[in-house]
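Below is input_11.cif, which holds mmCIF, C-alpha atoms.
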```cif
data_run
loop_
_atom_site.label_atom_id
_atom_site.label_comp_id
_atom_site.auth_asym_id
_atom_site.auth_seq_id
_atom_site.Cartn_x
_atom_site.Cartn_y
_atom_site.Cartn_z
CA MET U 1 113.97 149.66 105.88
CA ALA U 2 117.14 150.20 107.91
CA LYS U 3 119.86 147.58 108.20
CA VAL U 4 119.49 145.23 111.17
CA ALA U 5 122.48 145.65 113.49
CA THR U 6 122.45 142.06 114.72
CA PRO U 7 120.35 139.91 112.35
CA ARG U 8 119.43 136.42 113.50
CA VAL U 9 119.02 134.68 110.13
CA SER U 10 120.57 135.11 106.69
CA VAL U 11 118.27 134.53 103.73
CA VAL U 12 120.40 133.55 100.72
CA MET U 13 119.09 133.61 97.16
CA SER U 14 120.79 133.10 93.80
CA ALA U 15 119.28 134.73 90.71
CA TYR U 16 120.02 134.03 87.07
CA ASN U 17 117.87 135.73 84.43
CA ASP U 18 114.92 135.95 86.82
CA ALA U 19 113.95 139.59 86.30
CA GLU U 20 110.25 138.82 85.83
CA THR U 21 109.82 136.75 88.99
CA LEU U 22 112.31 138.50 91.29
CA PRO U 23 109.92 141.21 92.59
CA ALA U 24 107.47 138.68 94.03
CA ALA U 25 110.28 136.58 95.52
CA ILE U 26 112.04 139.55 97.10
CA GLU U 27 108.86 141.10 98.48
CA SER U 28 107.79 137.82 100.07
CA ILE U 29 110.94 138.03 102.21
CA LEU U 30 110.91 141.77 102.90
CA ASN U 31 107.32 141.49 104.17
CA GLN U 32 108.03 138.72 106.67
CA THR U 33 106.57 138.96 110.19
CA PHE U 34 110.07 138.12 111.48
CA THR U 35 112.19 141.16 110.60
CA GLU U 36 115.60 140.45 112.14
CA PHE U 37 117.28 139.12 109.01
CA GLU U 38 119.75 139.99 106.30
CA PHE U 39 118.84 139.13 102.72
CA ILE U 40 121.85 138.15 100.61
CA ILE U 41 121.00 138.11 96.89
CA VAL U 42 123.61 136.92 94.41
CA ASP U 43 123.11 137.78 90.74
CA ASP U 44 124.90 134.96 88.92
CA HIS U 45 125.96 137.07 85.92
CA SER U 46 122.48 137.45 84.44
CA SER U 47 122.00 138.77 80.92
CA ASP U 48 118.55 140.25 81.59
CA ASP U 49 117.50 142.99 84.06
CA SER U 50 117.90 140.85 87.19
CA TRP U 51 120.78 142.93 88.56
CA LYS U 52 118.83 146.14 87.97
CA VAL U 53 115.84 144.76 89.88
CA ILE U 54 118.07 143.65 92.77
CA GLN U 55 119.77 147.06 92.96
CA GLU U 56 116.43 148.86 93.01
CA TYR U 57 115.24 146.85 96.00
CA ALA U 58 118.60 147.13 97.77
CA ALA U 59 118.39 150.92 97.49
CA LYS U 60 115.06 150.84 99.36
CA ASP U 61 115.84 148.23 102.03
CA ALA U 62 119.23 148.12 103.77
CA ARG U 63 118.67 144.53 104.89
CA ILE U 64 119.52 143.45 101.34
CA VAL U 65 123.14 142.58 100.58
CA ALA U 66 123.43 142.70 96.78
CA LEU U 67 126.27 140.76 95.13
CA ARG U 68 127.02 140.19 91.46
CA ASN U 69 129.27 137.51 89.99
CA ASP U 70 131.69 138.53 87.24
CA GLN U 71 130.98 135.20 85.57
CA ASN U 72 128.30 132.54 85.89
CA LEU U 73 129.23 130.20 88.76
CA ASN U 74 126.04 128.06 88.65
CA ILE U 75 123.84 127.71 91.71
CA CYS U 76 126.50 126.02 93.86
CA GLY U 77 129.12 128.70 93.35
CA ALA U 78 126.59 131.49 93.76
CA LEU U 79 125.16 130.07 96.97
CA ASN U 80 128.59 129.31 98.42
CA ARG U 81 129.59 132.91 97.76
CA GLY U 82 126.43 134.29 99.33
CA ILE U 83 126.70 132.06 102.41
CA SER U 84 130.34 133.08 102.89
CA ARG U 85 129.04 136.61 103.53
CA ALA U 86 126.46 135.53 106.12
CA ARG U 87 126.69 137.09 109.58
CA THR U 88 124.20 134.89 111.43
CA PRO U 89 123.88 131.39 112.90
CA TYR U 90 121.23 130.34 110.36
CA ILE U 91 120.99 130.14 106.58
CA VAL U 92 117.51 130.25 105.00
CA ARG U 93 117.28 129.26 101.34
CA MET U 94 115.11 131.08 98.82
CA ASP U 95 114.70 130.72 95.05
CA ALA U 96 114.25 133.69 92.73
CA ASP U 97 111.10 132.39 91.02
CA ASP U 98 109.10 131.35 94.11
CA THR U 99 107.53 133.03 97.14
CA SER U 100 107.68 132.43 100.89
CA GLU U 101 104.67 132.55 103.18
CA LEU U 102 104.85 135.64 105.39
CA LYS U 103 105.35 133.75 108.67
CA ARG U 104 108.00 131.46 107.22
CA LEU U 105 111.02 132.97 108.98
CA GLU U 106 109.13 133.30 112.27
CA VAL U 107 108.15 129.62 112.20
CA GLN U 108 111.53 128.28 111.07
CA HIS U 109 113.68 130.37 113.41
CA ALA U 110 111.54 129.37 116.39
CA PHE U 111 111.73 125.69 115.43
CA MET U 112 115.52 125.66 115.12
CA GLU U 113 115.95 127.55 118.38
CA ALA U 114 113.72 125.01 120.13
CA HIS U 115 115.53 122.01 118.60
CA PRO U 116 119.32 122.54 118.92
CA ASP U 117 119.98 118.94 117.85
CA VAL U 118 118.44 119.57 114.40
CA VAL U 119 120.96 120.64 111.74
CA ILE U 120 118.48 121.28 108.91
CA SER U 121 114.72 121.52 108.54
CA GLY U 122 112.10 122.42 105.94
CA GLY U 123 108.33 122.40 105.59
CA THR U 124 105.24 121.94 103.47
CA ILE U 125 105.06 123.58 100.03
CA MET U 126 102.32 124.50 97.59
CA THR U 127 103.10 123.64 93.98
CA CYS U 128 101.87 126.39 91.64
CA ASP U 129 101.60 127.22 87.97
CA GLU U 130 103.56 130.01 86.27
CA GLN U 131 101.18 132.64 87.69
CA LEU U 132 101.61 131.18 91.20
CA GLN U 133 98.09 129.80 91.20
CA PRO U 134 97.93 126.79 93.57
CA ILE U 135 97.98 123.28 92.12
CA SER U 136 98.53 120.95 95.06
CA GLU U 137 100.07 120.81 98.51
CA ARG U 138 103.17 118.69 99.07
CA GLN U 139 103.98 117.52 102.58
CA TYR U 140 107.23 116.03 103.79
CA LEU U 141 108.05 113.55 106.53
CA LEU U 142 108.55 115.23 109.90
CA SER U 143 110.78 113.26 112.27
CA ASN U 144 114.46 112.39 111.99
CA ALA U 145 113.65 108.65 112.07
CA GLU U 146 111.07 108.90 109.27
CA ILE U 147 113.32 111.06 107.10
CA ARG U 148 116.34 108.79 107.48
CA HIS U 149 114.23 105.77 106.63
CA LYS U 150 113.47 107.31 103.22
CA LEU U 151 116.60 109.44 102.71
CA PHE U 152 118.21 107.03 100.27
CA ARG U 153 115.11 106.87 98.09
CA TYR U 154 114.25 110.53 97.68
CA SER U 155 115.21 113.99 98.83
CA PRO U 156 113.57 114.71 102.22
CA PHE U 157 113.20 118.47 101.70
CA CYS U 158 112.20 121.06 99.20
CA HIS U 159 115.62 122.69 99.01
CA ALA U 160 114.28 126.25 98.88
CA THR U 161 112.34 125.76 102.15
CA THR U 162 115.37 124.72 104.16
CA ILE U 163 116.98 126.45 107.10
CA TYR U 164 120.28 125.11 108.38
CA ARG U 165 122.98 126.13 110.80
CA THR U 166 125.81 128.13 109.24
CA ALA U 167 128.50 126.39 111.29
CA ASP U 168 127.23 122.95 110.27
CA PHE U 169 127.09 123.97 106.60
CA ASN U 170 130.72 125.10 106.75
CA GLN U 171 131.79 121.95 108.61
CA ALA U 172 130.04 119.79 105.99
CA GLY U 173 132.00 121.54 103.22
CA GLY U 174 129.30 123.62 101.51
CA TYR U 175 127.73 122.86 98.15
CA ASN U 176 129.69 120.67 95.73
CA PRO U 177 130.03 122.60 92.40
CA ASP U 178 130.32 119.32 90.50
CA LEU U 179 126.77 118.34 91.51
CA ALA U 180 124.88 121.45 90.43
CA SER U 181 121.71 119.61 89.41
CA ALA U 182 121.38 117.76 92.74
CA GLU U 183 123.63 119.76 95.06
CA ASP U 184 121.05 119.83 97.84
CA TYR U 185 120.65 116.05 98.07
CA ASP U 186 124.40 115.59 98.50
CA LEU U 187 124.43 118.23 101.24
CA TYR U 188 121.66 116.46 103.18
CA PHE U 189 123.72 113.28 103.49
CA ARG U 190 126.70 115.27 104.76
CA LEU U 191 124.67 117.37 107.19
CA GLY U 192 122.98 114.20 108.40
CA ARG U 193 126.32 113.06 109.81
CA LEU U 194 126.32 116.10 112.13
CA GLY U 195 122.83 116.01 113.63
CA LYS U 196 119.13 115.41 113.14
CA LEU U 197 116.92 116.17 110.13
CA ALA U 198 113.36 117.47 110.45
CA ASN U 199 110.41 119.19 108.78
CA VAL U 200 107.57 121.28 110.17
CA ARG U 201 103.98 120.69 109.14
CA GLU U 202 103.27 124.36 108.32
CA HIS U 203 102.90 125.54 104.74
CA LEU U 204 106.00 127.71 104.29
CA TYR U 205 106.58 128.12 100.59
CA ASN U 206 105.09 128.34 97.10
CA VAL U 207 107.00 126.72 94.21
CA ARG U 208 106.47 128.01 90.70
CA PHE U 209 106.68 125.21 88.11
CA HIS U 210 107.43 126.27 84.54
CA GLY U 211 109.23 125.07 81.43
CA ALA U 212 112.56 126.54 82.48
CA SER U 213 112.69 124.76 85.82
CA ILE U 214 115.48 122.25 86.47
CA SER U 215 112.97 119.44 86.97
CA ALA U 216 111.56 119.97 83.48
CA SER U 217 114.64 120.80 81.40
CA GLN U 218 117.45 118.90 83.12
CA SER U 219 115.70 115.88 84.60
CA ARG U 220 117.98 113.31 82.98
CA ARG U 221 121.13 115.02 84.23
CA GLN U 222 119.54 115.39 87.66
CA GLU U 223 118.64 111.71 87.70
CA LYS U 224 122.21 110.68 86.92
CA ALA U 225 123.55 113.01 89.61
CA THR U 226 121.12 111.60 92.15
CA LEU U 227 122.22 108.05 91.35
CA TYR U 228 125.85 109.09 91.76
CA ILE U 229 125.11 110.76 95.12
CA ARG U 230 123.46 107.61 96.45
CA LEU U 231 126.54 105.57 95.54
CA LYS U 232 128.74 108.28 97.04
CA ALA U 233 126.74 108.17 100.27
CA VAL U 234 127.52 104.46 100.61
CA ALA U 235 131.18 104.66 99.56
CA GLU U 236 132.19 107.90 101.31
CA TYR U 237 129.57 108.94 103.88
CA GLY U 238 129.10 105.57 105.55
CA TYR U 239 125.45 105.10 104.61
CA ARG U 240 124.26 101.50 104.98
CA MET U 241 121.74 100.38 102.40
CA THR U 242 118.77 98.26 103.40
CA ALA U 243 117.49 95.48 101.14
CA GLY U 244 114.76 97.87 100.03
CA ASP U 245 117.35 100.53 99.20
CA LYS U 246 119.24 98.09 96.99
CA LEU U 247 116.08 97.18 95.10
CA TYR U 248 115.22 100.87 94.70
CA LEU U 249 118.71 101.65 93.38
CA ALA U 250 118.50 98.85 90.82
CA ALA U 251 115.01 99.95 89.76
CA GLN U 252 116.12 103.54 89.32
CA TYR U 253 119.04 102.48 87.16
CA LEU U 254 116.83 100.35 84.93
CA SER U 255 114.19 103.07 84.69
CA MET U 256 116.73 105.39 83.06
CA PHE U 257 116.61 103.11 80.01
CA ILE U 258 113.01 101.89 80.12
CA ILE U 259 110.67 104.70 81.27
CA PRO U 260 110.30 107.72 78.94
CA GLN U 261 111.65 110.86 80.57
CA ALA U 262 108.39 112.73 80.02
CA TRP U 263 106.51 110.26 82.23
CA LYS U 264 108.84 110.48 85.21
CA PRO U 265 107.77 113.76 86.89
CA VAL U 266 104.16 112.56 87.16
CA SER U 267 105.18 109.04 88.23
CA TYR U 268 107.56 110.42 90.83
CA THR U 269 104.95 112.79 92.25
CA HIS U 270 102.39 109.99 92.68
CA LEU U 271 104.92 107.58 94.20
CA ARG U 272 106.22 110.12 96.68
CA ALA U 273 102.74 111.26 97.68
CA HIS U 274 101.72 107.65 98.33
CA GLU U 275 104.81 106.86 100.41
CA THR U 276 104.59 110.10 102.39
CA LYS U 277 100.92 109.62 103.27
CA ALA U 278 101.67 106.09 104.38
CA ASN U 279 104.13 107.46 106.93
CA LEU U 280 102.17 110.49 108.18
#
```
I need this file expressed as C-alpha cells, please.
Amino acid sequence: MAKVATPRVSVVMSAYNDAETLPAAIESILNQTFTEFEFIIVDDHSSDDSWKVIQEYAAKDARIVALRNDQNLNICGALNRGISRARTPYIVRMDADDTSELKRLEVQHAFMEAHPDVVISGGTIMTCDEQLQPISERQYLLSNAEIRHKLFRYSPFCHATTIYRTADFNQAGGYNPDLASAEDYDLYFRLGRLGKLANVREHLYNVRFHGASISASQSRRQEKATLYIRLKAVAEYGYRMTAGDKLYLAAQYLSMFIIPQAWKPVSYTHLRAHETKANL
C-alpha cells in the first residue's frame, strides 16, 4: 500500500528476536479498518530473522517505517527512538508477539478525538496461549476517577493497548531506560500529571502469553521496579498515598520474601479481576 501523505496516528512497535510472531503482529495493523497511519517498527538488534521479516513487509507497504538499532537498546531505547520519528499527534503501542483487533485504531482514534482532556487510554484485552487461542478476557477500569483510585496499586492499562498524545509523551520525558521492566507504569504517573486517564470497554487486543514473556521470566525484577516507581511517585511526582495504599505497599514488600514467585502471576490475576469487577 502507498505511503499516507498525512497520517493521523503513529503505531510504534519494538521487535527483538520475534521473527516467528512478527507476521501476525504486523498484519493485524496493516489490515486495520482505519488506514491513515504510519507503522514505525524498530528492530532492536535482533539475532534472528526479525529484520528480514520487517524489511519484507516494508517493501510491500509504504506505511511501514523500518528502523534497526546498531546495538540492543532495550524496549525503552527502542521505543524512544521510534517515537522520535513519529509524524502524528498520536502514538499507538504494539508488541511484536501479539495482535490487534481490526477496528482497534478506528475505535481508539475516535475516542481520543472526542476526549481532548484524556492524555492516554487503553482497552480490554484477550489473554491467549502461544498459538493465540483465547484464554480469558481482561477488562480495565474506565473512568479517570476509577483509574486514579487504583493507580498506586496496579497498572491501569495493558501497555500494548495504549494510545497517547505525542506532545504529552514528549513533555513527560519519554520512557525511562533505567526502568525497562516497568517503564510503562512510570510513564502513567507522569502522564497523569498532564491530563485524564481512561479506557474503552471494547476488546482491542490479544496478548500472547509464553515462557519468554517479561511477566514469566523477569517477574522479580519487575516487582522491584514497580515498588521503586511507587516510592518515586510519592517522592517526585507528588502522589499522595491513602491509608489503603500504605497497607498495600507494605504487603507488597513483605510478599517479596514470603510468597513464592511462581504463585504470584495467578494470585495477581485473581486479585485484579476481583477488584476490577467490584468497580465496574
Report the closest atom pair, with its distance in Å rounded to one decimal, for each residue of region 161-218 of chain U that has an atom no farther than 12 Å from region 61-79 of chain U; count only C-alpha atoms, sort by chain and then rising residue number, and write it as a tab-separated table.
```
residue	atom	partner	partner_atom	distance
U:Phe169	CA	U:Leu79	CA	11.6
U:Gly173	CA	U:Cys76	CA	11.7
U:Gly174	CA	U:Cys76	CA	8.5
U:Tyr175	CA	U:Cys76	CA	5.5
U:Asn176	CA	U:Cys76	CA	6.5
U:Pro177	CA	U:Cys76	CA	5.1
U:Asp178	CA	U:Cys76	CA	8.4
U:Leu179	CA	U:Cys76	CA	8.0
U:Ala180	CA	U:Cys76	CA	5.9
U:Ser181	CA	U:Ile75	CA	8.7
U:Ala182	CA	U:Cys76	CA	9.8
U:Glu183	CA	U:Cys76	CA	7.0
U:Asp184	CA	U:Cys76	CA	9.2
U:Asp186	CA	U:Cys76	CA	11.6
U:Leu187	CA	U:Cys76	CA	10.9
U:Ile214	CA	U:Ile75	CA	11.3
```
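Interatomic distance, CA of Arg230 (chain U) against CA of Ser136 (chain U): 28.3 Å.
The coordinates place CA of Lys103 (chain U) at 25.5 Å from CA of Glu146 (chain U).
As for CA of Val107 (chain U) and CA of Ser84 (chain U), they are spaced 24.3 Å apart.
Under the PyMOL selection byres ((chain U and resi 233-237) around 12), the matching residues in the shown file are Leu151, Phe152, Arg153, Ala172, Tyr185, Asp186, Leu187, Tyr188, Phe189, Arg190, Leu191, Gly192, Arg193, Leu194, Thr226, Leu227, Tyr228, Ile229, Arg230, Leu231, Lys232, Gly238, Tyr239, Arg240, Met241, Thr242, Asp245, Lys246 and Leu249 of chain U.
The result of the PyMOL selection byres ((chain U and resi 130) around 8) on the shown file is Cys128, Asp129, Gln131, Leu132, Gln133, Arg208, Phe209 and His210 of chain U.
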**Message:** Using all atoms listed in the file for the distances, tell me which of U:Ile91, U:Ala160, U:Met13, U:Ile54 is nearest to His109 (chain U).
**Reply:** U:Ile91
**Request:** Starting from the displayed file, determine the output of the PyMOL selection byres ((chain U and resi 12) around 8) and express the residue list as a PyMOL selection string.
**Result:** chain U and resi 10-11+13-14+39-42+79+82-83+91-94
**Prompt:** Near Ala145 (chain U), counting all atoms listed in the file, which residues have an atom at most 9 Å away, once you skip same-chain residues fewer than 4 positions from it, shown as a ChimeraX atom specification?
**Reply:** /U:149-150,196-198
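Taking all atoms listed in the file into account, Phe157 (chain U) lies nearest to U:Leu204 out of the set U:Leu204, U:Leu22, U:Ala86, U:Ile135.
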**Asked** When distances are computed from only C-alpha atoms, which of U:Ser255, U:Gln32, U:Gln171, U:Gln139 shows the smallest separation from Val200 (chain U)?
**Response** U:Gln139
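You can rank U:Gln55, U:Gln108, U:Thr124, U:Ser155 by their closest distance to His203 (chain U) using only C-alpha atoms, and at the top of that list sits U:Thr124.
If only C-alpha atoms are the atoms counted, then among U:Asp168, U:Ile147, U:Ser50, U:Asn199 the closest residue to Asp97 (chain U) is U:Ser50.
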**Request:** Please provide as a ChimeraX atom specification all residues within 6 Å of Tyr90 (chain U), with the sequence filter that same-chain residues fewer than 2 positions apart are discarded (counting all atoms listed in the file).
**Result:** /U:9,88,164-166
Keeping C-alpha atoms, export the residues of the selection given above as a PDB file, in the frame of the given file.
```
ATOM      1  CA  VAL U   9     119.020 134.680 110.130  1.00  0.00           C
ATOM      2  CA  THR U  88     124.200 134.890 111.430  1.00  0.00           C
ATOM      3  CA  TYR U 164     120.280 125.110 108.380  1.00  0.00           C
ATOM      4  CA  ARG U 165     122.980 126.130 110.800  1.00  0.00           C
ATOM      5  CA  THR U 166     125.810 128.130 109.240  1.00  0.00           C
TER       6      THR U 166
END
```
Taking the structure I provided as the source, export region 180-193 of chain U with all heavy atoms, as a PDB file, in the first residue's frame.
```
ATOM      1  N   ALA U 180      13.347  -0.506  32.560  1.00  0.00           N
ATOM      2  CA  ALA U 180      12.922  -1.255  31.381  1.00  0.00           C
ATOM      3  C   ALA U 180      11.919  -2.359  31.666  1.00  0.00           C
ATOM      4  O   ALA U 180      11.212  -2.787  30.764  1.00  0.00           O
ATOM      5  CB  ALA U 180      14.141  -1.845  30.675  1.00  0.00           C
ATOM      6  N   SER U 181      11.832  -2.844  32.881  1.00  0.00           N
ATOM      7  CA  SER U 181      10.878  -3.914  33.176  1.00  0.00           C
ATOM      8  C   SER U 181       9.524  -3.379  33.637  1.00  0.00           C
ATOM      9  O   SER U 181       8.568  -4.142  33.773  1.00  0.00           O
ATOM     10  CB  SER U 181      11.453  -4.858  34.239  1.00  0.00           C
ATOM     11  OG  SER U 181      11.783  -4.138  35.406  1.00  0.00           O
ATOM     12  N   ALA U 182       9.429  -2.077  33.894  1.00  0.00           N
ATOM     13  CA  ALA U 182       8.161  -1.466  34.297  1.00  0.00           C
ATOM     14  C   ALA U 182       8.080  -0.025  33.792  1.00  0.00           C
ATOM     15  O   ALA U 182       7.533   0.858  34.448  1.00  0.00           O
ATOM     16  CB  ALA U 182       8.011  -1.507  35.814  1.00  0.00           C
ATOM     17  N   GLU U 183       8.631   0.191  32.602  1.00  0.00           N
ATOM     18  CA  GLU U 183       8.720   1.536  32.030  1.00  0.00           C
ATOM     19  C   GLU U 183       7.358   2.178  31.806  1.00  0.00           C
ATOM     20  O   GLU U 183       7.192   3.392  31.904  1.00  0.00           O
ATOM     21  CB  GLU U 183       9.505   1.510  30.716  1.00  0.00           C
ATOM     22  CG  GLU U 183       8.791   0.900  29.512  1.00  0.00           C
ATOM     23  CD  GLU U 183       8.635  -0.599  29.569  1.00  0.00           C
ATOM     24  OE1 GLU U 183       9.396  -1.248  30.316  1.00  0.00           O
ATOM     25  OE2 GLU U 183       7.758  -1.125  28.855  1.00  0.00           O
ATOM     26  N   ASP U 184       6.353   1.351  31.515  1.00  0.00           N
ATOM     27  CA  ASP U 184       5.023   1.879  31.241  1.00  0.00           C
ATOM     28  C   ASP U 184       4.378   2.464  32.503  1.00  0.00           C
ATOM     29  O   ASP U 184       3.767   3.531  32.463  1.00  0.00           O
ATOM     30  CB  ASP U 184       4.134   0.795  30.631  1.00  0.00           C
ATOM     31  CG  ASP U 184       4.075  -0.472  31.470  1.00  0.00           C
ATOM     32  OD1 ASP U 184       5.070  -0.792  32.151  1.00  0.00           O
ATOM     33  OD2 ASP U 184       3.030  -1.152  31.442  1.00  0.00           O
ATOM     34  N   TYR U 185       4.514   1.758  33.616  1.00  0.00           N
ATOM     35  CA  TYR U 185       3.892   2.193  34.868  1.00  0.00           C
ATOM     36  C   TYR U 185       4.429   3.558  35.293  1.00  0.00           C
ATOM     37  O   TYR U 185       3.674   4.443  35.716  1.00  0.00           O
ATOM     38  CB  TYR U 185       4.157   1.141  35.941  1.00  0.00           C
ATOM     39  CG  TYR U 185       3.340   1.273  37.207  1.00  0.00           C
ATOM     40  CD1 TYR U 185       2.004   1.633  37.172  1.00  0.00           C
ATOM     41  CD2 TYR U 185       3.923   1.007  38.445  1.00  0.00           C
ATOM     42  CE1 TYR U 185       1.262   1.728  38.338  1.00  0.00           C
ATOM     43  CE2 TYR U 185       3.190   1.097  39.611  1.00  0.00           C
ATOM     44  CZ  TYR U 185       1.856   1.466  39.555  1.00  0.00           C
ATOM     45  OH  TYR U 185       1.127   1.562  40.715  1.00  0.00           O
ATOM     46  N   ASP U 186       5.721   3.748  35.153  1.00  0.00           N
ATOM     47  CA  ASP U 186       6.337   5.036  35.476  1.00  0.00           C
ATOM     48  C   ASP U 186       5.780   6.135  34.572  1.00  0.00           C
ATOM     49  O   ASP U 186       5.480   7.242  35.033  1.00  0.00           O
ATOM     50  CB  ASP U 186       7.861   4.932  35.320  1.00  0.00           C
ATOM     51  CG  ASP U 186       8.567   6.238  35.584  1.00  0.00           C
ATOM     52  OD1 ASP U 186       8.522   6.725  36.733  1.00  0.00           O
ATOM     53  OD2 ASP U 186       9.161   6.794  34.640  1.00  0.00           O
ATOM     54  N   LEU U 187       5.617   5.828  33.295  1.00  0.00           N
ATOM     55  CA  LEU U 187       5.082   6.810  32.349  1.00  0.00           C
ATOM     56  C   LEU U 187       3.663   7.222  32.719  1.00  0.00           C
ATOM     57  O   LEU U 187       3.303   8.397  32.600  1.00  0.00           O
ATOM     58  CB  LEU U 187       5.113   6.240  30.932  1.00  0.00           C
ATOM     59  CG  LEU U 187       4.551   7.141  29.834  1.00  0.00           C
ATOM     60  CD1 LEU U 187       5.412   8.388  29.660  1.00  0.00           C
ATOM     61  CD2 LEU U 187       4.450   6.383  28.513  1.00  0.00           C
ATOM     62  N   TYR U 188       2.836   6.284  33.192  1.00  0.00           N
ATOM     63  CA  TYR U 188       1.451   6.608  33.513  1.00  0.00           C
ATOM     64  C   TYR U 188       1.365   7.652  34.624  1.00  0.00           C
ATOM     65  O   TYR U 188       0.525   8.558  34.580  1.00  0.00           O
ATOM     66  CB  TYR U 188       0.677   5.351  33.943  1.00  0.00           C
ATOM     67  CG  TYR U 188       0.711   4.224  32.935  1.00  0.00           C
ATOM     68  CD1 TYR U 188       0.611   2.890  33.349  1.00  0.00           C
ATOM     69  CD2 TYR U 188       0.858   4.473  31.568  1.00  0.00           C
ATOM     70  CE1 TYR U 188       0.643   1.848  32.442  1.00  0.00           C
ATOM     71  CE2 TYR U 188       0.903   3.431  30.656  1.00  0.00           C
ATOM     72  CZ  TYR U 188       0.797   2.116  31.103  1.00  0.00           C
ATOM     73  OH  TYR U 188       0.847   1.080  30.206  1.00  0.00           O
ATOM     74  N   PHE U 189       2.217   7.540  35.632  1.00  0.00           N
ATOM     75  CA  PHE U 189       2.213   8.534  36.700  1.00  0.00           C
ATOM     76  C   PHE U 189       2.566   9.916  36.143  1.00  0.00           C
ATOM     77  O   PHE U 189       1.955  10.918  36.516  1.00  0.00           O
ATOM     78  CB  PHE U 189       3.214   8.146  37.791  1.00  0.00           C
ATOM     79  CG  PHE U 189       2.685   7.177  38.798  1.00  0.00           C
ATOM     80  CD1 PHE U 189       3.084   5.847  38.779  1.00  0.00           C
ATOM     81  CD2 PHE U 189       1.784   7.578  39.771  1.00  0.00           C
ATOM     82  CE1 PHE U 189       2.603   4.932  39.717  1.00  0.00           C
ATOM     83  CE2 PHE U 189       1.291   6.676  40.716  1.00  0.00           C
ATOM     84  CZ  PHE U 189       1.705   5.348  40.679  1.00  0.00           C
ATOM     85  N   ARG U 190       3.558   9.948  35.252  1.00  0.00           N
ATOM     86  CA  ARG U 190       3.987  11.242  34.702  1.00  0.00           C
ATOM     87  C   ARG U 190       2.948  11.829  33.752  1.00  0.00           C
ATOM     88  O   ARG U 190       2.691  13.038  33.767  1.00  0.00           O
ATOM     89  CB  ARG U 190       5.345  11.090  34.023  1.00  0.00           C
ATOM     90  CG  ARG U 190       6.476  10.913  35.023  1.00  0.00           C
ATOM     91  CD  ARG U 190       7.834  10.831  34.371  1.00  0.00           C
ATOM     92  NE  ARG U 190       8.106   9.507  33.837  1.00  0.00           N
ATOM     93  CZ  ARG U 190       8.424   9.237  32.589  1.00  0.00           C
ATOM     94  NH1 ARG U 190       8.482  10.223  31.698  1.00  0.00           N
ATOM     95  NH2 ARG U 190       8.689   8.004  32.198  1.00  0.00           N
ATOM     96  N   LEU U 191       2.350  10.989  32.911  1.00  0.00           N
ATOM     97  CA  LEU U 191       1.294  11.477  32.027  1.00  0.00           C
ATOM     98  C   LEU U 191       0.076  11.924  32.822  1.00  0.00           C
ATOM     99  O   LEU U 191      -0.616  12.880  32.437  1.00  0.00           O
ATOM    100  CB  LEU U 191       0.883  10.386  31.036  1.00  0.00           C
ATOM    101  CG  LEU U 191       1.835  10.114  29.875  1.00  0.00           C
ATOM    102  CD1 LEU U 191       1.333   8.939  29.038  1.00  0.00           C
ATOM    103  CD2 LEU U 191       1.991  11.348  28.986  1.00  0.00           C
ATOM    104  N   GLY U 192      -0.175  11.246  33.941  1.00  0.00           N
ATOM    105  CA  GLY U 192      -1.318  11.594  34.771  1.00  0.00           C
ATOM    106  C   GLY U 192      -1.251  12.993  35.355  1.00  0.00           C
ATOM    107  O   GLY U 192      -2.272  13.532  35.795  1.00  0.00           O
ATOM    108  N   ARG U 193      -0.084  13.591  35.349  1.00  0.00           N
ATOM    109  CA  ARG U 193       0.071  14.966  35.831  1.00  0.00           C
ATOM    110  C   ARG U 193      -0.367  15.972  34.769  1.00  0.00           C
ATOM    111  O   ARG U 193      -0.540  17.160  35.069  1.00  0.00           O
ATOM    112  CB  ARG U 193       1.529  15.227  36.210  1.00  0.00           C
ATOM    113  CG  ARG U 193       2.068  14.265  37.264  1.00  0.00           C
ATOM    114  CD  ARG U 193       3.572  14.370  37.411  1.00  0.00           C
ATOM    115  NE  ARG U 193       3.982  15.542  38.162  1.00  0.00           N
ATOM    116  CZ  ARG U 193       5.245  15.903  38.350  1.00  0.00           C
ATOM    117  NH1 ARG U 193       6.228  15.171  37.835  1.00  0.00           N
ATOM    118  NH2 ARG U 193       5.538  16.972  39.036  1.00  0.00           N
TER     119      ARG U 193
END
```
